[in-house]
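Below is one structure, written out as structure tokens; the observations come after it.
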Amino acid sequence: MESAYKNLGYFFIILFVFVIWVFSKSYIKILPVFKDVSFVYHFHGTMLLSWMLLLIIQPFLIRYKKYKWHKFLGKVSYILVPLIVVSIFLVSKEKYIRLSSSISKEENIGMIALNIPGMVYFAVLYLLAMINRKNSASHMRYMIATALLVFGPAAGRALEFYGSLSFDRSVFYSVLIIEILTLGLIIYDLIKKAPFRPYLLTMLFLFAFHITWLYKSAPWWQQIGGFFADHFFLSFLFIH
């Protein structure tokens with residue numbers, strides 16, 4: 001492992017604690033009965049926390065040369081990541097159906113811009129990490145990129161809960177924070193002449209996500225999001 005990333009596991013621990021701290025506020029309010037919280041949300045949270053635990057463990061296994069266990073958990077991710085993608089889809093579907101009676105269809109389609117692009121980007125970054133699993137430098141960076149995407153919703157919630165920002169502004173600034181972090185990683189790798197392309201692709205995804213969120217009411221997204229909602233949320237047979 002590159003010397004600059006030898007403490008990567010500790011970074012993931014800090015990220016994990018931050019996510020738990022932010023989302024615990026939502027859970028504390030509804031303990032112990034979890035009123036109005038369906039199984040889908042518990043499933044989604046469990047899958048993402050499992051992913052973060054995996055991200056924590058893997059760097060330590062590399063650091064202490066437990067390569068067999070590292071490969072084994074890598075194979076576990078072949079099951080975990082599809083479940084994460086399914087969980088994002090199910091949460092988005094349930095939220096879309098629930099909000100359909102209280103907000104306009106245009107607003108509801110706009111909300112899809114929050115989860116569906118991120119679901120696709122997460123899946124693509126993971127696939128690239130697996131494709132590059134024999135190239136440790138690129139593999140590690142793509143995995144870090146998936147952690148940055150997980151950090152986004154937590155940062156947004158923190159800005160909303162503790163910064164008293166509106167939901168729209170909290171999403172905007174949370175993505176901006178991740179873009180700044182990613183830009184810093186790109187600059188660092190450029191200086192060190194390390195492989196920066198995984199971070200560059202991540203930045204392009206983040207920029208695309210940012211544009212989609214800013215123009216979620218634009219005709220082009222309303223057509224894309226509307227098509228997705230009509231064909232996958234309303235007609236696709238899936239539990240909700």
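Starting from 1 in every chain, residues are counted up; chains themselves are A, B, ... following the order of the structure tokens, and ligands are numbered from 1 as listed.
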
Close residues, Thr202 of chain A itself excluded, 8 Å, only C-alpha atoms, min 4 positions apart in chain, as a PDB file with all heavy atoms, in the first residue's frame:
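This went into around_0.pdb:
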```
ATOM      1  N   LEU A 125     -18.509   2.813 -10.206  1.00  0.00           N
ATOM      2  CA  LEU A 125     -17.221   2.928  -9.508  1.00  0.00           C
ATOM      3  C   LEU A 125     -16.811   1.599  -8.893  1.00  0.00           C
ATOM      4  O   LEU A 125     -15.633   1.225  -8.921  1.00  0.00           O
ATOM      5  CB  LEU A 125     -17.297   4.020  -8.444  1.00  0.00           C
ATOM      6  CG  LEU A 125     -17.377   5.459  -8.972  1.00  0.00           C
ATOM      7  CD1 LEU A 125     -17.689   6.425  -7.851  1.00  0.00           C
ATOM      8  CD2 LEU A 125     -16.088   5.854  -9.676  1.00  0.00           C
ATOM      9  N   ALA A 145     -13.501   6.252  -3.752  1.00  0.00           N
ATOM     10  CA  ALA A 145     -14.553   7.027  -4.424  1.00  0.00           C
ATOM     11  C   ALA A 145     -15.942   6.576  -3.976  1.00  0.00           C
ATOM     12  O   ALA A 145     -16.844   7.404  -3.794  1.00  0.00           O
ATOM     13  CB  ALA A 145     -14.410   6.889  -5.938  1.00  0.00           C
ATOM     14  N   THR A 182     -12.536  15.694  -3.537  1.00  0.00           N
ATOM     15  CA  THR A 182     -12.062  14.937  -4.703  1.00  0.00           C
ATOM     16  C   THR A 182     -11.026  15.738  -5.481  1.00  0.00           C
ATOM     17  O   THR A 182     -10.009  15.185  -5.935  1.00  0.00           O
ATOM     18  CB  THR A 182     -13.241  14.568  -5.621  1.00  0.00           C
ATOM     19  OG1 THR A 182     -14.234  13.863  -4.866  1.00  0.00           O
ATOM     20  CG2 THR A 182     -12.782  13.692  -6.775  1.00  0.00           C
ATOM     21  N   PRO A 198      -8.928   7.657 -11.522  1.00  0.00           N
ATOM     22  CA  PRO A 198     -10.138   7.279 -10.785  1.00  0.00           C
ATOM     23  C   PRO A 198     -10.816   8.459 -10.099  1.00  0.00           C
ATOM     24  O   PRO A 198     -12.047   8.555 -10.100  1.00  0.00           O
ATOM     25  CB  PRO A 198      -9.612   6.268  -9.762  1.00  0.00           C
ATOM     26  CG  PRO A 198      -8.428   5.649 -10.423  1.00  0.00           C
ATOM     27  CD  PRO A 198      -7.782   6.785 -11.154  1.00  0.00           C
ATOM     28  N   LEU A 206     -19.575  13.425  -9.988  1.00  0.00           N
ATOM     29  CA  LEU A 206     -20.093  14.386  -9.021  1.00  0.00           C
ATOM     30  C   LEU A 206     -20.614  15.641  -9.716  1.00  0.00           C
ATOM     31  O   LEU A 206     -21.668  16.179  -9.347  1.00  0.00           O
ATOM     32  CB  LEU A 206     -18.998  14.773  -8.019  1.00  0.00           C
ATOM     33  CG  LEU A 206     -18.590  13.682  -7.022  1.00  0.00           C
ATOM     34  CD1 LEU A 206     -17.333  14.103  -6.268  1.00  0.00           C
ATOM     35  CD2 LEU A 206     -19.724  13.395  -6.037  1.00  0.00           C
TER      36      LEU A 206
END
```

Could you find all residues in segment 1-149 of chain A that DSSP calls alpha helix (DSSP H) from the backbone, and write them as a CSV table (one decimal) with C-alpha atoms, in the first residue's frame?
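Once written, selection.csv looks like this:
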```csv
chain,number,residue,atom,x,y,z
A,8,LEU,CA,-6.7,4.7,5.1
A,9,GLY,CA,-8.5,2.3,7.5
A,10,TYR,CA,-8.6,5.0,10.2
A,11,PHE,CA,-10.1,7.5,7.8
A,12,PHE,CA,-12.9,5.1,7.1
A,13,ILE,CA,-13.4,4.6,10.8
A,14,ILE,CA,-13.8,8.4,11.2
A,15,LEU,CA,-16.2,8.4,8.3
A,16,PHE,CA,-18.2,5.5,9.9
A,17,VAL,CA,-18.4,7.4,13.2
A,18,PHE,CA,-19.6,10.5,11.4
A,19,VAL,CA,-22.3,8.7,9.5
A,20,ILE,CA,-23.5,7.0,12.7
A,21,TRP,CA,-23.5,10.3,14.6
A,22,VAL,CA,-25.5,12.1,11.9
A,23,PHE,CA,-28.2,9.5,11.2
A,24,SER,CA,-28.5,8.6,14.9
A,25,LYS,CA,-30.5,11.8,15.3
A,26,SER,CA,-33.2,10.5,13.0
A,27,TYR,CA,-33.3,7.1,14.7
A,28,ILE,CA,-33.3,8.5,18.3
A,29,LYS,CA,-36.5,10.4,17.5
A,30,ILE,CA,-38.4,7.3,16.5
A,39,PHE,CA,-38.3,-2.5,6.5
A,40,VAL,CA,-36.9,-1.0,3.3
A,41,TYR,CA,-35.1,1.9,5.2
A,42,HIS,CA,-33.7,-0.5,7.8
A,43,PHE,CA,-32.5,-2.7,5.0
A,44,HIS,CA,-30.9,0.2,3.2
A,45,GLY,CA,-29.1,1.4,6.3
A,46,THR,CA,-27.9,-2.0,7.2
A,47,MET,CA,-26.4,-2.5,3.7
A,48,LEU,CA,-24.6,0.8,3.7
A,49,LEU,CA,-23.2,0.3,7.2
A,50,SER,CA,-22.0,-3.2,6.1
A,51,TRP,CA,-20.3,-1.6,3.1
A,52,MET,CA,-18.6,0.9,5.4
A,53,LEU,CA,-17.4,-1.8,7.7
A,54,LEU,CA,-16.0,-3.6,4.7
A,55,LEU,CA,-14.1,-0.5,3.7
A,56,ILE,CA,-12.7,-0.2,7.2
A,57,ILE,CA,-11.5,-3.8,7.4
A,58,GLN,CA,-10.0,-4.2,4.0
A,59,PRO,CA,-7.1,-1.7,4.3
A,60,PHE,CA,-6.1,-3.2,7.7
A,61,LEU,CA,-6.0,-6.7,6.1
A,62,ILE,CA,-3.7,-5.3,3.4
A,63,ARG,CA,-1.6,-3.5,6.0
A,67,TYR,CA,-4.3,-11.2,1.7
A,68,LYS,CA,-6.5,-14.4,1.8
A,69,TRP,CA,-9.0,-12.7,4.0
A,70,HIS,CA,-8.9,-9.5,1.9
A,71,LYS,CA,-9.7,-11.6,-1.2
A,72,PHE,CA,-12.5,-13.5,0.6
A,73,LEU,CA,-14.2,-10.2,1.7
A,74,GLY,CA,-13.7,-8.9,-1.8
A,75,LYS,CA,-15.8,-11.8,-3.0
A,76,VAL,CA,-18.4,-11.0,-0.3
A,77,SER,CA,-18.8,-7.6,-1.9
A,78,TYR,CA,-20.1,-9.4,-5.1
A,79,ILE,CA,-23.2,-10.1,-3.0
A,80,LEU,CA,-23.2,-6.9,-0.9
A,81,VAL,CA,-23.0,-4.3,-3.6
A,82,PRO,CA,-26.0,-5.6,-5.6
A,83,LEU,CA,-28.0,-5.6,-2.4
A,84,ILE,CA,-26.9,-2.0,-1.8
A,85,VAL,CA,-28.0,-1.0,-5.3
A,86,VAL,CA,-31.4,-2.8,-4.7
A,87,SER,CA,-31.8,-1.0,-1.4
A,88,ILE,CA,-31.2,2.4,-3.0
A,89,PHE,CA,-33.8,1.5,-5.6
A,90,LEU,CA,-36.3,0.4,-3.1
A,91,VAL,CA,-35.9,3.5,-0.9
A,92,SER,CA,-36.3,5.7,-3.9
A,93,LYS,CA,-39.3,3.8,-5.1
A,94,GLU,CA,-41.0,3.9,-1.7
A,95,LYS,CA,-40.3,7.6,-1.3
A,96,TYR,CA,-41.6,8.4,-4.8
A,97,ILE,CA,-44.9,6.5,-4.2
A,98,ARG,CA,-45.3,8.0,-0.7
A,99,LEU,CA,-44.8,11.6,-1.9
A,105,LYS,CA,-45.4,15.0,-10.1
A,106,GLU,CA,-42.7,17.4,-11.3
A,107,GLU,CA,-41.4,17.9,-7.8
A,108,ASN,CA,-41.5,14.1,-7.2
A,109,ILE,CA,-39.6,13.4,-10.4
A,110,GLY,CA,-37.1,16.1,-9.3
A,111,MET,CA,-36.5,14.2,-6.1
A,112,ILE,CA,-35.4,11.1,-8.1
A,113,ALA,CA,-32.3,13.1,-9.1
A,114,LEU,CA,-31.1,12.7,-5.6
A,115,ASN,CA,-30.8,8.9,-5.5
A,116,ILE,CA,-30.9,7.3,-9.0
A,117,PRO,CA,-27.8,9.0,-10.5
A,118,GLY,CA,-25.9,8.2,-7.3
A,119,MET,CA,-27.0,4.6,-7.4
A,120,VAL,CA,-25.6,4.3,-11.0
A,121,TYR,CA,-22.4,6.1,-10.2
A,122,PHE,CA,-21.8,3.9,-7.1
A,123,ALA,CA,-22.3,0.7,-9.1
A,124,VAL,CA,-20.0,2.0,-11.9
A,125,LEU,CA,-17.2,2.9,-9.5
A,126,TYR,CA,-17.5,-0.4,-7.8
A,127,LEU,CA,-17.4,-2.3,-11.1
A,128,LEU,CA,-14.3,-0.3,-12.1
A,129,ALA,CA,-12.7,-1.2,-8.7
A,130,MET,CA,-13.3,-4.8,-9.4
A,131,ILE,CA,-12.0,-4.6,-13.0
A,136,SER,CA,-3.9,-2.0,-6.5
A,137,ALA,CA,-3.4,1.8,-6.9
A,138,SER,CA,-6.4,2.2,-9.1
A,139,HIS,CA,-8.5,-0.3,-7.2
A,140,MET,CA,-7.9,1.5,-3.9
A,141,ARG,CA,-8.9,4.9,-5.4
A,142,TYR,CA,-12.1,3.6,-6.9
A,143,MET,CA,-13.0,2.1,-3.5
A,144,ILE,CA,-12.3,5.4,-1.8
A,145,ALA,CA,-14.6,7.0,-4.4
A,146,THR,CA,-17.4,4.8,-3.3
A,147,ALA,CA,-16.8,6.0,0.3
A,148,LEU,CA,-17.1,9.6,-0.9
A,149,LEU,CA,-20.5,8.9,-2.4
```

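If you look at atom CA of Tyr173 of chain A and atom CA of Leu200 of chain A, they are 19.6 Å away from each other.
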
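In this comparison, which uses only C-alpha atoms, the residue of A:Phe233, A:Leu201, A:Arg157, A:Ser170 approaching Leu183 of chain A most closely is A:Leu201.
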
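Atom pair atom CA of Gly152 of chain A / atom CA of Arg169 of chain A has a distance of 13.0 Å (rounded to one decimal).
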
Enter the distance from atom CA of Asp168 of chain A to atom CA of Lys216 of chain A, in Å, rounded to one decimal. 10.9 Å

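The residue set within 12 Å of Phe167 of chain A, counting only C-alpha atoms and dropping same-chain residues fewer than 2 places from it, reads Met111, Leu114, Pro153, Ala155, Gly156, Arg157, Ala158, Leu159, Glu160, Phe161, Gly163, Ser164, Leu165, Arg169, Ser170, Val171, Phe172, Tyr173, Ser174 and Trp213 of chain A.
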
Dump as a tab-separated table (two decimals), in the first residue's frame, selection limited to N, CA and C atoms:
```
chain	number	residue	atom	x	y	z
A	111	MET	N	-37.08	14.82	-7.24
A	111	MET	CA	-36.47	14.15	-6.09
A	111	MET	C	-35.71	12.90	-6.51
A	114	LEU	N	-31.95	12.80	-6.75
A	114	LEU	CA	-31.11	12.68	-5.56
A	114	LEU	C	-30.51	11.29	-5.42
A	153	PRO	N	-24.62	11.80	1.48
A	153	PRO	CA	-25.88	11.91	2.21
A	153	PRO	C	-25.69	12.27	3.68
A	155	ALA	N	-23.21	14.07	4.96
A	155	ALA	CA	-22.85	15.49	5.01
A	155	ALA	C	-24.09	16.35	4.81
A	156	GLY	N	-24.96	15.93	3.88
A	156	GLY	CA	-26.19	16.68	3.63
A	156	GLY	C	-27.09	16.71	4.86
A	157	ARG	N	-27.25	15.56	5.51
A	157	ARG	CA	-28.06	15.50	6.72
A	157	ARG	C	-27.46	16.38	7.82
A	158	ALA	N	-26.14	16.35	7.96
A	158	ALA	CA	-25.49	17.17	8.99
A	158	ALA	C	-25.75	18.65	8.75
A	159	LEU	N	-25.67	19.08	7.49
A	159	LEU	CA	-25.92	20.48	7.17
A	159	LEU	C	-27.38	20.85	7.43
A	160	GLU	N	-28.27	19.89	7.17
A	160	GLU	CA	-29.69	20.14	7.40
A	160	GLU	C	-30.03	20.16	8.89
A	161	PHE	N	-29.53	19.16	9.64
A	161	PHE	CA	-29.85	19.05	11.05
A	161	PHE	C	-29.16	20.11	11.90
A	163	GLY	N	-26.85	22.59	10.63
A	163	GLY	CA	-26.58	23.87	9.99
A	163	GLY	C	-27.82	24.65	9.66
A	164	SER	N	-28.98	24.04	9.92
A	164	SER	CA	-30.28	24.69	9.69
A	164	SER	C	-30.45	25.15	8.24
A	165	LEU	N	-29.88	24.39	7.31
A	165	LEU	CA	-30.06	24.70	5.90
A	165	LEU	C	-31.29	23.98	5.36
A	169	ARG	N	-30.54	23.19	-0.27
A	169	ARG	CA	-29.22	23.79	-0.06
A	169	ARG	C	-28.27	22.80	0.61
A	170	SER	N	-28.78	21.96	1.49
A	170	SER	CA	-27.91	20.98	2.14
A	170	SER	C	-27.38	19.97	1.13
A	171	VAL	N	-28.22	19.57	0.17
A	171	VAL	CA	-27.76	18.66	-0.89
A	171	VAL	C	-26.71	19.36	-1.74
A	172	PHE	N	-26.99	20.60	-2.13
A	172	PHE	CA	-26.05	21.36	-2.97
A	172	PHE	C	-24.68	21.46	-2.31
A	173	TYR	N	-24.65	21.87	-1.05
A	173	TYR	CA	-23.37	22.07	-0.37
A	173	TYR	C	-22.67	20.76	-0.02
A	174	SER	N	-23.44	19.71	0.23
A	174	SER	CA	-22.80	18.43	0.52
A	174	SER	C	-22.07	17.91	-0.70
A	213	TRP	N	-29.06	17.72	-10.16
A	213	TRP	CA	-29.81	18.23	-9.01
A	213	TRP	C	-30.23	19.68	-9.22
```

Using only C-alpha atoms, which residues sit within 10 Å of Ala194 of chain A once same-chain residues fewer than 4 positions away are excluded, as an mmCIF file with N, CA and C atoms, in the first residue's frame?
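What ended up in part-v8.cif:
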```
data_model
loop_
_atom_site.group_PDB
_atom_site.id
_atom_site.type_symbol
_atom_site.label_atom_id
_atom_site.label_comp_id
_atom_site.auth_asym_id
_atom_site.auth_seq_id
_atom_site.Cartn_x
_atom_site.Cartn_y
_atom_site.Cartn_z
ATOM 1 N N GLU A 2 0.456 2.259 -0.765
ATOM 2 C CA GLU A 2 1.209 3.502 -0.822
ATOM 3 C C GLU A 2 1.293 4.124 0.567
ATOM 4 N N ALA A 137 -3.300 0.324 -7.029
ATOM 5 C CA ALA A 137 -3.411 1.779 -6.898
ATOM 6 C C ALA A 137 -4.765 2.269 -7.402
ATOM 7 N N SER A 138 -5.158 1.812 -8.586
ATOM 8 C CA SER A 138 -6.448 2.228 -9.136
ATOM 9 C C SER A 138 -7.602 1.610 -8.352
ATOM 10 N N ILE A 186 -7.175 14.733 -6.410
ATOM 11 C CA ILE A 186 -6.618 14.814 -7.772
ATOM 12 C C ILE A 186 -5.314 15.610 -7.769
ATOM 13 N N ILE A 187 -5.348 16.762 -7.112
ATOM 14 C CA ILE A 187 -4.152 17.614 -7.055
ATOM 15 C C ILE A 187 -3.002 16.888 -6.359
ATOM 16 N N TYR A 188 -3.330 16.203 -5.260
ATOM 17 C CA TYR A 188 -2.302 15.462 -4.527
ATOM 18 C C TYR A 188 -1.669 14.392 -5.412
ATOM 19 N N ASP A 189 -2.484 13.636 -6.134
ATOM 20 C CA ASP A 189 -1.954 12.582 -6.998
ATOM 21 C C ASP A 189 -1.157 13.157 -8.169
ATOM 22 N N LEU A 190 -1.581 14.315 -8.668
ATOM 23 C CA LEU A 190 -0.828 14.964 -9.738
ATOM 24 C C LEU A 190 0.564 15.364 -9.243
#
```
